[in-house]
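Okay, data11.txt is below, compact mmCIF, C-alpha atoms:
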# COMPACT_ATOMS: atom_id res chain seq x y z
CA MET A 1 65.06 124.54 60.01
CA LYS A 2 65.61 122.04 62.83
CA LYS A 3 68.17 120.17 60.69
CA LEU A 4 69.95 123.43 59.96
CA ILE A 5 70.22 124.26 63.68
CA LEU A 6 71.55 120.78 64.46
CA SER A 7 74.12 121.07 61.66
CA PHE A 8 75.21 124.46 62.97
CA MET A 9 75.54 123.05 66.50
CA LEU A 10 77.60 120.11 65.18
CA ILE A 11 79.93 122.47 63.30
CA CYS A 12 80.33 124.60 66.45
CA SER A 13 81.11 121.49 68.45
CA ILE A 14 83.77 120.38 65.96
CA VAL A 15 85.30 123.86 65.86
CA ALA A 16 85.37 123.98 69.67
CA SER A 17 87.01 120.56 69.80
CA LEU A 18 89.61 121.58 67.24
CA ALA A 19 90.30 124.77 69.16
CA LEU A 20 90.75 122.76 72.34
CA LEU A 21 93.14 120.39 70.59
CA ILE A 22 95.11 123.27 69.10
CA THR A 23 95.22 125.08 72.44
CA GLY A 24 96.27 121.91 74.24
CA SER A 25 98.91 121.20 71.61
CA ALA A 26 100.15 124.76 71.83
CA ALA A 27 100.34 124.52 75.62
CA LYS A 28 102.34 121.32 75.34
CA THR A 29 104.62 122.83 72.72
CA SER A 30 105.06 125.90 74.88
CA THR A 31 106.01 123.73 77.86
CA LEU A 32 108.55 121.82 75.81
CA GLU A 33 109.96 124.98 74.30
CA ALA A 34 110.32 126.43 77.77
CA ALA A 35 112.18 123.35 78.95
CA LYS A 36 115.90 123.95 78.72
CA PRO A 37 118.30 121.13 77.82
CA LEU A 38 119.95 119.46 80.79
CA TRP A 39 123.32 120.48 79.38
CA GLU A 40 124.78 122.00 76.24
CA ALA A 41 124.50 119.12 73.82
CA GLY A 42 127.23 117.94 71.52
CA ASP A 43 126.86 117.03 67.86
CA GLU A 44 126.70 113.26 68.39
CA ARG A 45 124.00 111.20 70.13
CA ASN A 46 126.39 109.39 72.44
CA LYS A 47 124.95 109.93 75.93
CA ILE A 48 123.33 107.08 77.86
CA VAL A 49 121.34 108.33 80.86
CA VAL A 50 120.48 105.85 83.63
CA ILE A 51 118.01 106.44 86.44
CA SER A 52 116.60 103.91 88.88
CA ASP A 53 114.50 103.43 91.99
CA LEU A 54 111.75 105.90 91.12
CA HIS A 55 109.33 103.95 93.36
CA LEU A 56 106.14 105.42 91.95
CA GLY A 57 103.20 104.24 94.06
CA ILE A 58 99.58 103.29 93.52
CA ASP A 59 98.27 105.84 96.01
CA ASP A 60 99.75 109.18 97.00
CA SER A 61 99.21 108.17 100.63
CA TYR A 62 101.44 105.13 100.08
CA THR A 63 104.21 106.37 97.81
CA GLU A 64 107.84 107.15 98.50
CA THR A 65 107.98 109.57 95.57
CA LEU A 66 105.47 112.39 95.83
CA ASP A 67 107.40 115.65 96.31
CA ASN A 68 109.95 114.59 93.70
CA ARG A 69 107.41 113.55 91.08
CA PRO A 70 107.00 117.06 89.53
CA LEU A 71 110.79 117.36 89.42
CA MET A 72 110.95 114.00 87.68
CA ILE A 73 108.53 115.29 85.05
CA GLU A 74 110.66 118.42 84.60
CA PHE A 75 113.77 116.25 84.27
CA LEU A 76 112.13 114.16 81.55
CA GLN A 77 110.94 117.25 79.67
CA ARG A 78 114.43 118.70 79.69
CA LEU A 79 115.91 115.36 78.69
CA GLN A 80 113.81 115.51 75.51
CA GLN A 81 115.47 118.81 74.64
CA THR A 82 118.99 117.45 75.13
CA ASP A 83 119.92 116.43 71.61
CA ASP A 84 122.93 114.25 72.34
CA VAL A 85 121.04 111.75 74.52
CA ARG A 86 120.84 108.38 72.83
CA GLU A 87 119.14 106.30 75.53
CA LEU A 88 117.29 106.62 78.81
CA VAL A 89 117.48 103.45 80.91
CA ILE A 90 115.24 102.92 83.95
CA ALA A 91 117.21 100.41 86.00
CA GLY A 92 114.47 98.88 88.13
CA ASP A 93 111.98 99.79 90.85
CA PHE A 94 110.08 102.03 88.46
CA LEU A 95 106.64 101.19 89.88
CA ASP A 96 106.28 99.93 93.44
CA GLU A 97 104.23 96.97 94.68
CA TRP A 98 106.24 96.52 97.89
CA TYR A 99 105.96 99.84 99.70
CA LEU A 100 102.45 99.22 101.02
CA PRO A 101 101.22 99.06 104.62
CA VAL A 102 100.01 95.68 105.78
CA TYR A 103 96.51 97.13 106.06
CA TYR A 104 96.39 97.97 102.34
CA PRO A 105 93.37 96.06 100.96
CA SER A 106 94.27 92.55 99.86
CA TYR A 107 94.05 91.93 96.11
CA SER A 108 94.59 89.08 93.67
CA ASP A 109 95.23 90.90 90.39
CA SER A 110 98.73 92.37 90.06
CA THR A 111 98.03 93.49 86.50
CA LYS A 112 95.23 95.74 87.69
CA PHE A 113 97.46 96.95 90.53
CA TYR A 114 100.08 98.15 88.07
CA GLN A 115 97.48 99.64 85.74
CA ASP A 116 96.13 101.69 88.66
CA CYS A 117 99.68 102.61 89.65
CA ILE A 118 100.27 103.89 86.12
CA ILE A 119 97.10 105.99 86.25
CA ASN A 120 98.24 107.50 89.54
CA ASN A 121 101.49 108.60 87.88
CA GLN A 122 100.11 109.51 84.46
CA GLY A 123 102.20 112.69 84.20
CA VAL A 124 105.43 110.70 84.37
CA ILE A 125 104.10 108.09 81.94
CA ASP A 126 103.13 110.77 79.41
CA GLU A 127 106.61 112.29 79.51
CA LEU A 128 108.20 108.88 79.03
CA LYS A 129 106.11 108.51 75.88
CA ASN A 130 107.37 111.93 74.80
CA VAL A 131 110.95 110.79 75.47
CA ILE A 132 110.46 108.08 72.85
CA SER A 133 108.82 110.55 70.45
CA SER A 134 111.86 112.83 70.79
CA GLY A 135 114.08 110.12 69.32
CA ILE A 136 115.55 108.78 72.58
CA LYS A 137 115.55 105.01 73.08
CA LEU A 138 113.71 104.13 76.31
CA VAL A 139 114.73 100.95 78.14
CA TYR A 140 113.28 99.36 81.28
CA VAL A 141 115.18 96.84 83.41
CA ILE A 142 113.05 95.06 85.99
CA GLY A 143 113.63 95.56 89.74
CA ASN A 144 112.50 93.77 92.88
CA HIS A 145 109.74 96.24 93.84
CA ASP A 146 108.11 95.71 90.42
CA MET A 147 109.08 92.09 89.76
CA LEU A 148 105.42 91.13 89.17
CA LEU A 149 105.03 93.76 86.45
CA GLU A 150 104.21 91.86 83.26
CA SER A 151 105.84 93.02 80.04
CA ASN A 152 102.52 93.41 78.19
CA VAL A 153 101.34 96.02 80.74
CA LEU A 154 104.30 98.28 79.94
CA ASP A 155 104.11 97.57 76.21
CA GLU A 156 100.49 98.71 76.14
CA THR A 157 101.17 101.72 78.37
CA ILE A 158 104.34 102.98 76.70
CA PRO A 159 104.45 101.68 73.12
CA GLY A 160 108.02 101.44 71.90
CA ILE A 161 109.64 100.86 75.28
CA ILE A 162 112.39 98.21 75.27
CA GLN A 163 112.27 95.76 78.17
CA ALA A 164 115.34 93.87 79.35
CA ARG A 165 114.38 90.57 80.99
CA ASP A 166 116.57 87.48 81.26
CA ALA A 167 114.84 85.46 84.00
CA GLU A 168 111.56 85.69 85.88
CA GLY A 169 111.63 88.91 87.91
CA LEU A 170 115.07 89.88 86.59
CA GLY A 171 116.65 91.77 83.75
CA VAL A 172 120.07 92.70 82.41
CA TYR A 173 120.82 95.16 79.62
CA TYR A 174 124.01 95.49 77.57
CA THR A 175 124.57 98.73 75.69
CA GLY A 176 127.23 101.17 74.48
CA ASP A 177 129.11 101.12 71.22
CA ARG A 178 130.56 97.66 71.89
CA ASN A 179 128.23 96.23 74.55
CA GLU A 180 130.82 97.46 77.03
CA ILE A 181 128.17 98.75 79.44
CA VAL A 182 125.94 96.43 81.48
CA ILE A 183 122.97 97.62 83.50
CA GLU A 184 120.85 95.67 85.97
CA HIS A 185 118.99 96.50 89.15
CA GLY A 186 121.23 94.45 91.44
CA HIS A 187 118.63 92.53 93.44
CA ARG A 188 119.72 89.28 91.80
CA TYR A 189 122.49 88.98 94.41
CA ASP A 190 120.39 89.94 97.45
CA VAL A 191 119.03 87.04 99.53
CA PHE A 192 116.09 89.16 100.70
CA SER A 193 115.22 90.61 97.28
CA ALA A 194 116.15 88.04 94.62
CA PRO A 195 113.22 86.14 93.09
CA ASP A 196 112.42 83.02 95.10
CA THR A 197 110.21 80.40 93.46
CA VAL A 198 111.85 77.61 95.45
CA THR A 199 111.59 78.09 99.22
CA ASN A 200 107.77 78.27 99.49
CA ALA A 201 106.93 75.93 96.60
CA GLU A 202 106.04 72.98 98.85
CA LEU A 203 104.05 75.14 101.27
CA CYS A 204 101.89 76.69 98.54
CA GLY A 205 101.87 73.73 96.17
CA ASN A 206 103.25 75.68 93.20
CA ASP A 207 106.43 77.29 91.92
CA ASP A 208 104.84 80.67 91.23
CA THR A 209 105.81 81.98 94.68
CA ILE A 210 108.38 84.40 93.30
CA LEU A 211 108.12 87.00 96.07
CA PRO A 212 111.15 86.80 98.41
CA ALA A 213 111.32 87.46 102.14
CA GLY A 214 112.14 91.12 101.50
CA TYR A 215 108.59 91.68 100.25
CA LEU A 216 107.20 90.90 103.72
CA TYR A 217 109.83 93.02 105.44
CA ALA A 218 109.14 95.93 103.06
CA ARG A 219 105.41 95.81 103.83
CA TYR A 220 106.19 95.64 107.57
CA ALA A 221 108.64 98.55 107.38
CA ALA A 222 106.28 100.66 105.26
CA THR A 223 103.61 100.17 107.92
CA TRP A 224 105.98 101.37 110.61
CA VAL A 225 106.90 104.50 108.62
CA LEU A 226 103.28 105.33 107.76
CA GLU A 227 102.26 104.87 111.40
CA GLY A 228 104.82 107.47 112.44
CA TYR A 229 107.72 105.24 113.61
CA PRO A 230 106.11 103.91 116.81
CA LYS A 231 108.27 102.26 119.48
CA VAL A 232 106.50 99.04 120.39
CA ALA A 233 108.04 96.30 122.52
CA LYS A 234 108.27 93.04 120.58
CA ALA A 235 108.92 89.63 122.17
CA LEU A 236 110.94 88.19 119.31
CA PRO A 237 112.16 84.60 119.47
CA VAL A 238 115.71 84.34 120.79
CA VAL A 239 118.32 81.88 119.54
CA LYS A 240 120.89 81.64 122.34
CA ASN A 241 123.49 79.24 121.02
CA VAL A 242 125.64 80.20 118.05
CA PRO A 243 126.26 77.18 115.79
CA ASP A 244 129.79 76.20 114.87
CA GLN A 245 130.94 78.00 111.72
CA ALA A 246 131.95 74.63 110.29
CA ASP A 247 128.25 73.79 110.18
CA THR A 248 127.57 76.07 107.23
CA ASP A 249 123.89 75.13 107.10
CA GLN A 250 123.03 76.13 110.66
CA TYR A 251 125.57 78.93 110.88
CA GLY A 252 124.01 80.41 107.74
CA ALA A 253 120.57 80.08 109.33
CA TYR A 254 121.90 81.87 112.43
CA ILE A 255 123.38 84.75 110.40
CA TYR A 256 120.02 85.12 108.65
CA TYR A 257 118.25 85.11 112.03
CA SER A 258 120.68 87.67 113.47
CA LEU A 259 120.13 90.06 110.57
CA LEU A 260 116.35 89.81 110.80
CA LYS A 261 116.48 90.21 114.59
CA ASN A 262 118.55 93.37 114.27
CA ILE A 263 116.10 94.85 111.78
CA SER A 264 113.01 93.73 113.70
CA GLU A 265 114.17 95.31 116.93
CA ARG A 266 114.31 98.70 115.20
CA ILE A 267 111.25 98.41 112.94
CA THR A 268 108.32 98.15 115.34
CA PRO A 269 104.86 98.89 113.90
CA ASN A 270 101.78 98.73 116.09
CA GLU A 271 100.67 95.35 114.74
CA SER A 272 101.42 92.38 116.99
CA LEU A 273 103.82 89.62 115.97
CA ASP A 274 101.15 86.91 115.99
CA GLU A 275 98.51 88.90 114.09
CA ASN A 276 97.58 87.72 110.57
CA ILE A 277 98.77 90.91 108.90
CA PHE A 278 99.96 89.48 105.58
CA ASP A 279 96.84 88.64 103.55
CA MET A 280 98.42 87.38 100.32
CA HIS A 281 96.61 86.23 97.22
CA ILE A 282 99.20 87.01 94.54
CA ALA A 283 102.23 85.28 93.02
CA GLY A 284 101.26 81.76 94.07
CA PHE A 285 100.35 82.68 97.65
CA ASP A 286 96.81 82.24 98.92
CA GLY A 287 96.70 82.65 102.68
CA THR A 288 97.23 84.87 105.68
CA TYR A 289 100.42 84.97 107.69
CA THR A 290 101.93 86.53 110.79
CA TYR A 291 105.31 88.17 111.22
CA LEU A 292 106.40 85.18 113.31
CA ASP A 293 105.56 82.86 110.41
CA PHE A 294 108.68 84.01 108.59
CA PHE A 295 110.88 84.94 111.57
CA PRO A 296 113.56 82.30 112.33
CA ALA A 297 113.53 80.52 115.69
CA LYS A 298 114.85 77.33 117.21
CA GLN A 299 112.54 74.52 116.13
CA ALA A 300 111.60 71.30 117.96
CA ASP A 301 114.28 69.33 116.11
CA GLY A 302 116.94 71.79 117.29
CA THR A 303 117.47 73.51 113.95
CA ILE A 304 117.12 77.23 113.28
CA SER A 305 114.38 78.04 110.79
CA ALA A 306 111.26 80.08 110.22
CA PRO A 307 108.26 77.89 111.10
CA VAL A 308 106.09 78.51 108.02
CA LEU A 309 107.32 80.93 105.34
CA PHE A 310 110.84 80.66 103.93
CA ARG A 311 111.68 77.58 105.98
CA ASN A 312 115.37 76.65 105.78
CA ILE A 313 115.96 79.48 103.33
CA GLN A 314 119.73 78.87 103.47
CA ARG A 315 119.22 75.54 101.69
CA THR A 316 117.60 77.02 98.59
CA TRP A 317 120.13 79.74 97.75
CA ASP A 318 122.12 77.59 95.31
CA ALA A 319 118.97 76.64 93.39
CA ARG A 320 117.82 80.28 93.38
CA GLN A 321 121.15 81.44 91.98
CA LYS A 322 120.92 78.95 89.15
CA LEU A 323 117.33 79.93 88.29
CA ASN A 324 118.27 83.62 88.56
CA ASN A 325 121.13 83.31 86.04
CA ILE A 326 123.92 84.28 88.41
CA LYS A 327 127.13 83.78 86.47
CA VAL A 328 129.50 83.30 89.42
CA GLN A 329 127.69 81.80 92.40
CA ASN A 330 128.55 82.56 96.03
CA THR A 331 127.62 81.05 99.38
CA PHE A 332 124.48 81.83 101.35
CA ILE A 333 126.62 83.08 104.24
CA GLU A 334 128.44 85.53 101.97
CA ALA A 335 125.20 86.70 100.39
CA VAL A 336 123.22 87.18 103.60
CA SER A 337 126.16 88.84 105.35
CA GLY A 338 126.41 91.36 102.51
CA THR A 339 122.74 92.34 102.48
CA LEU A 340 123.30 95.64 104.32
CA ASP A 341 126.88 96.14 103.10
CA TRP A 342 126.93 98.34 100.00
CA ASN A 343 130.46 97.10 99.22
CA TYR A 344 128.95 93.65 98.67
CA PHE A 345 127.15 94.88 95.56
CA PHE A 346 130.35 96.44 94.24
CA LYS A 347 132.11 93.11 94.78
CA GLN A 348 129.33 91.32 92.91
CA ALA A 349 129.54 93.78 90.01
CA LYS A 350 133.28 93.22 89.82
CA THR A 351 133.05 89.43 90.18
CA GLN A 352 130.15 88.90 87.79
CA TYR A 353 131.31 91.25 85.02
CA ILE A 354 134.64 93.07 85.33
CA ASP A 355 136.74 90.10 86.46
CA ASN A 356 134.70 87.54 84.54
CA PRO A 357 136.72 86.35 81.52
CA ASN A 358 133.48 85.52 79.71
CA ASP A 359 132.39 89.19 79.75
CA THR A 360 134.01 92.17 78.04
CA VAL A 361 132.42 94.85 80.19
CA ASP A 362 134.00 98.18 81.17
CA ILE A 363 131.11 99.75 83.11
CA VAL A 364 128.65 98.05 85.47
CA VAL A 365 125.59 100.02 86.59
CA PHE A 366 123.37 98.91 89.48
CA GLY A 367 120.51 100.52 91.39
CA HIS A 368 118.74 98.86 94.34
CA THR A 369 120.80 100.17 97.29
CA HIS A 370 119.72 103.83 96.94
CA VAL A 371 123.36 104.74 97.62
CA PRO A 372 124.95 106.55 94.64
CA ALA A 373 128.45 105.47 93.70
CA LEU A 374 130.96 106.22 90.96
CA TRP A 375 133.99 104.02 91.56
CA ASN A 376 136.88 103.96 89.11
CA ILE A 377 138.16 100.39 89.34
CA GLY A 378 141.08 101.16 87.06
CA TYR A 379 142.06 100.65 83.44
CA GLY A 380 138.93 102.45 82.25
CA THR A 381 136.46 100.32 84.22
CA TYR A 382 133.76 101.65 86.55
CA TYR A 383 131.16 100.54 89.05
CA ILE A 384 128.23 102.95 89.19
CA ASN A 385 125.16 103.01 91.38
CA THR A 386 122.46 105.42 90.25
CA GLY A 387 120.93 106.08 93.69
CA THR A 388 117.22 106.93 93.85
CA TRP A 389 114.47 109.53 93.32
CA ILE A 390 112.44 108.85 96.49
CA ASP A 391 111.56 111.86 98.66
CA ASN A 392 113.47 110.77 101.78
CA ASN A 393 116.54 108.69 101.11
CA THR A 394 117.64 107.61 104.57
CA ASN A 395 120.39 105.44 103.08
CA TYR A 396 122.09 108.50 101.53
CA PRO A 397 120.53 111.83 102.55
CA ASP A 398 123.33 113.97 101.09
CA ALA A 399 122.13 113.87 97.48
CA ALA A 400 118.63 113.57 96.02
CA ARG A 401 117.28 112.65 92.57
CA THR A 402 120.51 111.13 91.33
CA PHE A 403 121.31 109.75 87.88
CA THR A 404 124.30 108.82 85.78
CA VAL A 405 125.36 109.97 82.33
CA ILE A 406 127.70 107.73 80.35
CA THR A 407 129.33 109.08 77.20
CA ALA A 408 129.96 106.17 74.87
CA GLY A 409 132.94 106.29 72.58
CA GLU A 410 136.36 104.85 71.99
CA LYS A 411 136.87 105.19 75.73
CA ASP A 412 133.70 105.68 77.77
CA THR A 413 133.42 108.33 80.46
CA ALA A 414 130.85 108.59 83.25
CA LYS A 415 129.35 111.31 85.44
CA LEU A 416 126.98 111.12 88.40
CA TYR A 417 124.60 114.00 89.03
CA SER A 418 121.94 115.18 91.44
CA PHE A 419 119.00 117.04 89.90
CA ALA A 420 118.54 120.01 92.24
CA GLU A 421 115.16 121.54 93.10
CA ASP A 422 116.02 124.64 91.04
CA GLY A 423 116.79 122.47 88.02
CA THR A 424 120.56 122.75 88.14
CA LEU A 425 122.76 119.67 87.88
CA ILE A 426 125.14 119.02 90.75
CA ASP A 427 128.12 116.82 89.92
CA ILE A 428 128.39 114.46 92.90
CA GLY A 429 130.89 112.08 91.34
CA GLU A 430 133.85 113.04 93.48
CA GLY A 431 131.79 112.82 96.67
CA VAL A 432 130.81 109.21 95.99
CA SER A 433 134.02 107.98 94.38
CA LYS A 434 136.41 105.38 95.73
For this file, produce the structure as structure tokens.
Amino acid sequence: MKKLILSFMLICSIVASLALLITGSAAKTSTLEAAKPLWEAGDERNKIVVISDLHLGIDDSYTETLDNRPLMIEFLQRLQQTDDVRELVIAGDFLDEWYLPVYYPSYSDSTKFYQDCIINNQGVIDELKNVISSGIKLVYVIGNHDMLLESNVLDETIPGIIQARDAEGLGVYYTGDRNEIVIEHGHRYDVFSAPDTVTNAELCGNDDTILPAGYLYARYAATWVLEGYPKVAKALPVVKNVPDQADTDQYGAYIYYSLLKNISERITPNESLDENIFDMHIAGFDGTYTYLDFFPAKQADGTISAPVLFRNIQRTWDARQKLNNIKVQNTFIEAVSGTLDWNYFFKQAKTQYIDNPNDTVDIVVFGHTHVPALWNIGYGTYYINTGTWIDNNTNYPDAARTFTVITAGEKDTAKLYSFAEDGTLIDIGEGVSK
């Protein structure tokens, strides 16, 4: 009798589990059926959709994308129902290891960091899996905010995802019917954001120090934002004498100093300049540092340089460009001067791909700047920037949740949209054209 009761209980348990699975499956099916296509699809799978700069964080207290996350999930569900979409490309800054306050607990395991970040954004991850299941090719191109994200972590999390990587911390992806479309994040050309395994190698005794100076600035700026934008007086070092422009080494160092000074006078968290706020035990670093450790100043020998971190950064740019697979190299002065100039990234796209006789590219797509752009260069060639999905885009507040749709064919066409809160698509192409 006891065995009979146990058998009955086991059967009930199995039936209940099956019912739960069926109910859950039905709920999922119902959600997908309720999701309308993003547009009226054509008969051919010829659409390539590119999004970037999702900036999904490890903790909802420290993420730039919280309010927009449910809309991102809705966008992905509707994408699955749009039958002419061939590919979805995430062009960098998918997960975010940079937007963290300096008081975030120090850690030494980036793999676990990203695994926890994935768990915190499981709803988005699940829909990306469903994107693949719907027959859409899913591609990830690495960005600067997730440059420590190892490929095996994504492979295990989203089986079937294609990852475009061409150098450490960098990726470039060619697609279209004739490889006429190239997609990368764009940080390769940014002095502050491009991988840097050179400048701090001697200091740390290894060449794993891939994190660039922008990582420290991002942590500093995130702290300021999360503290409520305090106005705190900072006694920054002052370089009084401007070097002669003919001295490209020191003039470059001065331009770098001037840019950091301008930023540091506006970004003023409560932490003091000489406080050990950067407790770093990842990517080849194993120490604590102050803000002044990487801020340029006039040194005892008369040169302009940061005293500890990123010393003489202007002297390593050529080596960084070579390691970072930059096709057409530029000068440090040009690169650092263009850091906050969005036209600089357009010029790089044009120089590296459109005007490069070794490439046969018609469309170049970047992310990184958070400023959407759809620029017709002429003769069927385009520069596109996909913008961002963060909640508050101070770089371009006029359009949120932006993405591009490229229709591949004999002659490609491109559109740039904003995904509105009510689910409608707003064509913003004309507003960001040139």
Find the spatial neighbours of Ser272 of chain A, counting all atoms listed in the file, within a cut-off of 10 Å - ignore same-chain residues fewer than 3 positions away - and output them as an NGL selection string. :A and (232-235 or 268-269 or 275-277 or 290-292)
Compile the contact shell of segment 376-386 of chain A as number ranges by chain: residues with an atom at most 6 Å away, counting only C-alpha atoms, same-chain residues fewer than 2 positions apart removed. A: 51, 362-367, 372-374, 403-404
Å distance separating atom CA of Ala167 of chain A from atom CA of Asn325 of chain A, one decimal place: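 Going from atom CA of Ala167 of chain A over to atom CA of Asn325 of chain A covers 7.0 Å.
Using all atoms listed in the file, the smallest distance between any of A:Ile125, A:Pro105, A:Val198, A:Glu150 and Asp279 of chain A comes from A:Pro105.
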Rank nothing, just name the residue among A:Asn241, A:Thr316, A:Asn200, A:Thr65 nearest to Lys298 of chain A, using all atoms listed in the file. A:Asn241
Point-to-point distance from atom CA of Ile161 of chain A to atom CA of Arg45 of chain A, Å rounded to tenths: 18.4 Å
Go through A:Phe310, A:Tyr173, A:Phe346, A:Trp389 one by one, measure the shortest atom-to-atom distance of each to Phe295 of chain A using all atoms listed in the file, and give the residue with the smallest value.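 Among the listed residues, A:Phe310 lies closest to Phe295 of chain A.
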Using all atoms listed in the file, which of A:Gly176, A:Gly186, A:Gly123, A:Gly135 sits nearest Gln81 of chain A? A:Gly135
A:Thr157, A:Asn130, A:Thr175, A:Ser258: which is nearest Val50 of chain A, counting all atoms listed in the file?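 Nearest to Val50 of chain A: A:Thr175.
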Residue among A:Ile406, A:Ala35, A:Leu148, A:Leu416 lying closest to Asp96 of chain A, counting all atoms listed in the file: A:Leu148
Assuming 5 Å of padding per side, give the centre and edge lengths of the axis-aligned box around every listed atom of segment 182-198 of chain A, in Å to one decimal and as AutoDock Vina command-line options.
--center_x 118.1 --center_y 87.6 --center_z 91.1 --size_x 25.7 --size_y 30.0 --size_z 29.2
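Here atom CA of Asp109 of chain A stands at a distance of 18.3 Å from atom CA of Pro212 of chain A.
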Tyr103 of chain A: which residues within 12 Å, counting all atoms listed in the file, same-chain residues fewer than 3 positions away excluded, as a ChimeraX atom specification? /A:62,99-100,106-107,219-220,222-224,226-227,269-271,275-280
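If you count all atoms listed in the file and ignore residues fewer than 4 places along the chain from segment 424-426 of chain A, what sits within 12 Å of it is Lys36, Pro37, Leu38, Trp39, Leu71, Glu74, Phe75, Arg78, Asp398, Ala399, Ala400, Arg401, Thr402, Phe403, Thr404, Val405, Lys415, Leu416, Tyr417, Ser418, Phe419, Ala420, Glu430 and Gly431 of chain A.
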Which residues, written as an mmCIF file with C-alpha atoms, keeping the file's coordinate frame, have at least one atom at most 6 Å from Phe94 of chain A, with all atoms listed in the file counted and residues fewer than 3 positions away on the same chain left out?
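The resulting file, selection05.cif, is shown below:
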data_model
loop_
_atom_site.group_PDB
_atom_site.id
_atom_site.type_symbol
_atom_site.label_atom_id
_atom_site.label_comp_id
_atom_site.auth_asym_id
_atom_site.auth_seq_id
_atom_site.Cartn_x
_atom_site.Cartn_y
_atom_site.Cartn_z
ATOM 1 C CA ASP A 53 114.500 103.430 91.990
ATOM 2 C CA LEU A 54 111.750 105.900 91.120
ATOM 3 C CA HIS A 55 109.330 103.950 93.360
#
Could I get segment 403-415 of chain A rebuilt with N, CA and C atoms, written as a PDB file, in the frame of the given file?
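Written output follows (result.pdb):
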ATOM      1  N   PHE A 403     121.295 110.486  89.138  1.00  0.00           N
ATOM      2  CA  PHE A 403     121.310 109.750  87.880  1.00  0.00           C
ATOM      3  C   PHE A 403     122.715 109.785  87.305  1.00  0.00           C
ATOM      4  N   THR A 404     122.990 108.869  86.401  1.00  0.00           N
ATOM      5  CA  THR A 404     124.300 108.820  85.780  1.00  0.00           C
ATOM      6  C   THR A 404     124.200 109.110  84.280  1.00  0.00           C
ATOM      7  N   VAL A 405     125.252 109.696  83.758  1.00  0.00           N
ATOM      8  CA  VAL A 405     125.360 109.970  82.330  1.00  0.00           C
ATOM      9  C   VAL A 405     126.660 109.341  81.832  1.00  0.00           C
ATOM     10  N   ILE A 406     126.536 108.399  80.927  1.00  0.00           N
ATOM     11  CA  ILE A 406     127.700 107.730  80.350  1.00  0.00           C
ATOM     12  C   ILE A 406     127.855 108.210  78.912  1.00  0.00           C
ATOM     13  N   THR A 407     129.032 108.675  78.575  1.00  0.00           N
ATOM     14  CA  THR A 407     129.330 109.080  77.200  1.00  0.00           C
ATOM     15  C   THR A 407     130.059 107.933  76.532  1.00  0.00           C
ATOM     16  N   ALA A 408     129.381 107.310  75.570  1.00  0.00           N
ATOM     17  CA  ALA A 408     129.960 106.170  74.870  1.00  0.00           C
ATOM     18  C   ALA A 408     130.906 106.647  73.781  1.00  0.00           C
ATOM     19  N   GLY A 409     131.970 105.928  73.600  1.00  0.00           N
ATOM     20  CA  GLY A 409     132.940 106.290  72.580  1.00  0.00           C
ATOM     21  C   GLY A 409     134.079 105.304  72.565  1.00  0.00           C
ATOM     22  N   GLU A 410     135.201 105.727  72.019  1.00  0.00           N
ATOM     23  CA  GLU A 410     136.360 104.850  71.990  1.00  0.00           C
ATOM     24  C   GLU A 410     136.787 104.477  73.399  1.00  0.00           C
ATOM     25  N   LYS A 411     136.648 105.440  74.314  1.00  0.00           N
ATOM     26  CA  LYS A 411     136.870 105.190  75.730  1.00  0.00           C
ATOM     27  C   LYS A 411     135.738 105.886  76.487  1.00  0.00           C
ATOM     28  N   ASP A 412     134.880 105.121  77.118  1.00  0.00           N
ATOM     29  CA  ASP A 412     133.700 105.680  77.770  1.00  0.00           C
ATOM     30  C   ASP A 412     134.087 106.515  78.991  1.00  0.00           C
ATOM     31  N   THR A 413     133.273 107.529  79.242  1.00  0.00           N
ATOM     32  CA  THR A 413     133.420 108.330  80.460  1.00  0.00           C
ATOM     33  C   THR A 413     132.072 108.358  81.171  1.00  0.00           C
ATOM     34  N   ALA A 414     132.084 108.611  82.483  1.00  0.00           N
ATOM     35  CA  ALA A 414     130.850 108.590  83.250  1.00  0.00           C
ATOM     36  C   ALA A 414     130.806 109.730  84.250  1.00  0.00           C
ATOM     37  N   LYS A 415     129.606 110.259  84.459  1.00  0.00           N
ATOM     38  CA  LYS A 415     129.350 111.310  85.440  1.00  0.00           C
ATOM     39  C   LYS A 415     128.147 110.894  86.280  1.00  0.00           C
TER      40      LYS A 415
END
